[in-house]
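Student: Below is one structure. I have some questions about it.
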There are 2 protein chains.
Amino acid sequence: MTTGSTGSTVSIKEVAAQAGVSPGTVSNVLNRPQKVAAETRSRVEQVIRELGFVRHGSASTLRAGHSRTIGLSVIDIGNPFFTDVAAGVEDMASELGYAVILGNSSGDRVKEERNLRVFAEQRVRGLLITPSDEDPGRLDVIRDRGISVVLVDHPAHRPDQCSVAVNDITGGRTAAGHLLDGGAARLAFVTGPLTIRQCLDRMSGAEQAIAAAGLDPASALEVVEMPAMNARAGQRAAEKLVGGPLLPDAIFCANDLLALGLLRGLLQAGVRVPHDVALIGYDDIDFAAASAVSLSSIRQPTYKLGRIATELLLDECDNPESHAHQQIMFQPELVARESTRRE
Amino acid sequence: MTTGSTGSTVSIKEVAAQAGVSPGTVSNVLNRPQKVAAETRSRVEQVIRELGFVRHGSASTLRAGHSRTIGLSVIDIGNPFFTDVAAGVEDMASELGYAVILGNSSGDRVKEERNLRVFAEQRVRGLLITPSDEDPGRLDVIRDRGISVVLVDHPAHRPDQCSVAVNDITGGRTAAGHLLDGGAARLAFVTGPLTIRQCLDRMSGAEQAIAAAGLDPASALEVVEMPAMNARAGQRAAEKLVGGPLLPDAIFCANDLLALGLLRGLLQAGVRVPHDVALIGYDDIDFAAASAVSLSSIRQPTYKLGRIATELLLDECDNPESHAHQQIMFQPELVARESTRRE
DNA sequence: CGCCGCCGCTGGCACGTTTTAATAAACGCC
DNA sequence: GGCGTTTATTAAAACGTGCCAGCGGCGGCG
């Protein structure tokens with residue numbers, strides 16, 4: 001009823017005039033409520049409600065020198081892994097009163113740079129980023145501007161920076177170890193570009209497991225490198241393997257999307273999983289459990305990754321002196337399902 | 001080399017001083033380049049590069065009265081359907097120089113309202129929203145503030161508003177028609193809450209198709225309503241159906257997530273798809289094609305939905321007088337795969 | 001030659017908020 | 001009752017940009 005559909009926007013001044021106080025007092029009500037007398041405060045709050053006042057974020061940012069938004073730059077928003085991370089970021093940021101500006105690079109360096117520019121223009125309070133490559137120079141543009149950066153799913157190489165990651169070497173070792181435990185002797189590793197750190201680390205882990213089992217990684221592990229990490233690439237990898245001289249005993253995919261595509265390709269070719277070939281993916285996305293032959297996978301705490309990264313970032317922003325930089329490394333976890341069931 | 005890692009931020013004034021012009025000219029270079037002499041312009045641009053100047057978005061917003069960000073509020077960022085929409089929005093917005101602030105409501109009214117508040121504070125230029133219910137009142141808070149709103153995946157009920165949607169009735173008719181064409185006489189419709197418009201419309205379409213085939217919808221269509229629309233709910237629906245007196249000839253799921261879960265549940269129970277039961281989903285998410293029995297589905301132009309909605313929104317913002325409100329309705333498309341293959 | 005119009009640039013104000021120093025009032029204390 | 005102290009509020013000065021009015025200079029035209 002009294003909710004003002006004024007049409008135009010109402011400023012702090014009009015609230016002040018209406019409430020019979022100065023603009024400064026209204027500002028105090030908004031930002032330091034304990035500084036203002038209870039009676040005055042409730043009167044101002046009443047007027048705020050009546051007039052439908054909403055703080056002008058830009059004016060606030062301009063004056064305060066920093067905004068209440070954070071930037072989130074991911075490689076592929078189509079990948080459920082990143083979606084889960086984003087959900088965690090969004091929830092935590094929202095709880096702390098921050099908004100999230102989303103940037104999707106699609107692995108494209110140009111797009112990533114454009115997004116970083118937008119973040120810089122918006123004067124985001126901080127930046128969460130899963131870097132698409134190892135080049136740290138690009139981030140300096142942001143950091144030089146005094147914007148905190150937290151690396152997500154990527155360990156920081158420098159001590160003055162926070163990062164939240166999951167140990168991909170352990171994950172690779174666990175996955176390959178699980179396959180070896182199941183009786184496999186000849187493994188294949190189906191991966192995206194090995195320039196991607198995650199892929200490389202998972203391969204290293206697999207090699208470690210093979211060596212630990214007394215086998216020679218050079219001969220016991222066939223590496224199939226694909227240009228992409230989606231289901232289509234996985235299906236093509238299946239064709240490649242099926243058309244090859246000898247099918248491996250077990251296959252480790254760097255990614256569940258690859259694994260799902262591969263699984264479909266194998267089944268279409270009449271290869272039974274896990275009877276003929278065992279299969280394990282990585283990430284444990286929701287669809288891994290729902291596929292017809294449910295997919296064994298390596299679970300990562302994705303949602304938590306997003307939450308913790310956000311928490312770390314905002315702690316660094318809000319408590320710059322007491323903040324201690326941390327490089328957090330989670331451990332992944334094996335989820336065994338049908339696709340590696342021993343028969 | 002000369003790229004300034006000044007540590008602090010550099011303003012338009014410093015650029016002006018360094019280039020030997022007035023701040024107004026620098027502003028012109030940024031916003032109306034044709035207004036300034038070529039020689040002066042290139043000199044200013046040079047200085048901008050040298051000093052690493054980045055426009056302060058908040059100051060710009062404050063003065064100009066509007067920002068270069070749009071808000072995107074979706075119901076479930078975990079659903080690939082919305083992810084694809086978001087990708088379209090993000091791409092188009094990015095091309096037009098806009099940033100996207102993401103809000104994920106998870107179907108929670110409180111979260112949605114909190115997000116809308118953040119959008120209002122940030123003074124987003126416009127808002128894209130997939131409303132979680134039919135209540136239009138909540139959007140007035142935004143609209144009263146002079147912010148344009150475009151409805152996504154939801155037809156507008158009022159002529160003064162743009163919307164981009166896909167005809168769910170046609171989609172439902174197509175899906176059920178396809179099942180009937182395949183020889184099915186007894187259908188089941190597995191759906192989320194029927195309070196959701198999309199679910200209701202798809203059911204109506206299915207009923208139309210059944211009636212058109214000369215059957216009685218009341219007896220030929222069994223409706224299984226689940227509280228959620230994810231794979232878990234689908235699997236539970238499978239248990240329900242398998243445990244029932246008589247399996248239908250064919251099943252239509254309101255959603256691919258439901259269908260994938262259902263598929264898994266059926267296969268586990270020894271029901272062969274499509275031999276015993278045909279199955280069709282809705283949305284044609286990527287995983288539909290990659291599942292072991294590839295899933296027939298109804299394809300929606302998701303990415304395009306996001307792009308067009310963004311285009312409409314920004315046209316409304318940038319050309320308020322020439323802009324004509326449109327309620328765009330796309331037609332969905334049948335994608336027949338193994339799960340409905342006639343045998 | 002003088003006037004006009006146009007081009008290119010300048011200077012200054014306004015946007016809405018936060019913050020600081022200053023003011024006014026209330027209060028306890030010797 | 002004067003005095004220092006605390007508390008509640010105010011006035012004004014920023015923050016960086018966009019926009020508008022205006023000004024000098026120059027060329028064309030009468």
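In the structure tokens, the first chain shown is A, the next is B, and so on; residue numbers restart at 1 for each chain, and ligands run from 1 in the order shown.
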For DC3 of chain C, please output as a PyMOL selection string all residues within 12 Å (counting only C-alpha atoms (C1' of nucleotides); exclusion window: fewer than 3 positions along the same chain).

Tutor: chain D and resi 28-30

Student: For chain A, work out the contacting residues on chain B at 8 Å, counting only C-alpha atoms, and write them as a count of residues only.

Tutor: 48

Student: Compile a residue-level contact table for chain C against chain A at a cut-off of 9 Å, reporting for every qualifying residue the shortest atom pair and its distance in Å to one decimal, with only C-alpha atoms (C1' of nucleotides) counted, rows ordered by chain and ascending number, as CSV.

Tutor:
residue,atom,partner,partner_atom,distance
C:DC15,C1',A:Ala59,CA,8.1
C:DG16,C1',A:Ala59,CA,5.1
C:DT17,C1',A:Ser60,CA,4.9
C:DT18,C1',A:Arg63,CA,5.8
C:DT19,C1',A:Gly24,CA,8.8

Student: At a cut-off of 7 Å, which residues of chain D touch chain A? Count only C-alpha atoms (C1' of nucleotides) and give the answer as a short mmCIF file (atom, residue, chain, number, x, y, z; two decimals) with N, CA and C atoms (P, O5', C5', C4', C3', O3' and C1' of nucleotides), in the first residue's frame.

Tutor:
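Below is the file that was written, selection-v1.cif:
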data_model
loop_
_atom_site.label_atom_id
_atom_site.label_comp_id
_atom_site.auth_asym_id
_atom_site.auth_seq_id
_atom_site.Cartn_x
_atom_site.Cartn_y
_atom_site.Cartn_z
P DA D 8 24.27 7.16 21.63
"O5'" DA D 8 23.90 8.48 20.83
"C5'" DA D 8 23.08 9.48 21.45
"C4'" DA D 8 22.66 10.49 20.40
"C3'" DA D 8 22.33 9.87 19.04
"O3'" DA D 8 21.18 10.51 18.52
"C1'" DA D 8 24.12 11.43 18.81
P DT D 10 20.80 14.88 12.16
"O5'" DT D 10 21.98 15.89 11.81
"C5'" DT D 10 22.16 17.07 12.57
"C4'" DT D 10 23.39 17.80 12.06
"C3'" DT D 10 23.42 18.03 10.55
"O3'" DT D 10 23.68 19.39 10.30
"C1'" DT D 10 25.44 17.03 11.27
P DC D 15 39.53 12.29 -4.02
"O5'" DC D 15 38.93 10.91 -4.53
"C5'" DC D 15 38.62 9.83 -3.65
"C4'" DC D 15 37.57 8.97 -4.29
"C3'" DC D 15 37.58 9.02 -5.80
"O3'" DC D 15 38.37 7.94 -6.29
"C1'" DC D 15 35.34 9.10 -4.91
#

Student: Skipping near chain neighbours, those fewer than 3 positions away, what residues fall within 12 Å of DG22 of chain D using only C-alpha atoms (C1' of nucleotides), listed as a list in words?

Tutor: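 My list of contacting residues is DC9, DT10, DG11 and DG12 of chain C.
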
Student: According to DSSP computed on the backbone, where in segment 8-143 of chain A is there alpha helix (DSSP H)? Give the residues as a PyMOL selection string.

Tutor: chain A and resi 12-19+23-31+38-51+57-64+80-95+109-121+137-143

Student: So that I can see what lies close to DC3 of chain D, please list as a ChimeraX atom specification the residues with an atom at most 12 Å from it, counting only C-alpha atoms (C1' of nucleotides) and leaving out residues fewer than 4 positions away in the same chain.

Tutor: /C:27-30

Student: Show which residues sit within 10 Å of Lys304 of chain A, as JSON, numbers by chain. Count only C-alpha atoms (C1' of nucleotides), and ignore same-chain residues fewer than 6 positions away.

Tutor: {"A": [84, 85, 87, 88, 89, 92, 164, 310, 330]}

Student: Determine the nearest neighbour of DG16 of chain D from the options B:Asp133, B:Val242, B:Glu14, B:Glu113, counting only C-alpha atoms (C1' of nucleotides).

Tutor: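 Between B:Asp133, B:Val242, B:Glu14, B:Glu113, the residue approaching DG16 of chain D most closely is B:Glu14.
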
Student: Mind pulling up the distance from atom CA of Glu222 of chain A to atom CA of Leu241 of chain A?

Tutor: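 Computing the Euclidean distance for atom CA of Leu241 of chain A and atom CA of Glu222 of chain A yields 10.0 Å.
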
Student: Using DSSP on the backbone coordinates, identify the residues of segment 114-266 of chain A assigned to strand (DSSP E or B); present them as a list in words.

Tutor: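 Checking each residue of segment 114-266 of chain A, the strand (DSSP E or B) ones are Gly126, Leu127, Leu128, Ile129, Ser148, Val149, Val150, Leu151, Val152, Cys162, Ser163, Val164, Ala165, Val166, Leu187, Ala188, Phe189, Val190, Thr191, Leu221, Glu222, Val223, Val224, Glu225, Ala250, Ile251, Phe252 and Cys253 of chain A.
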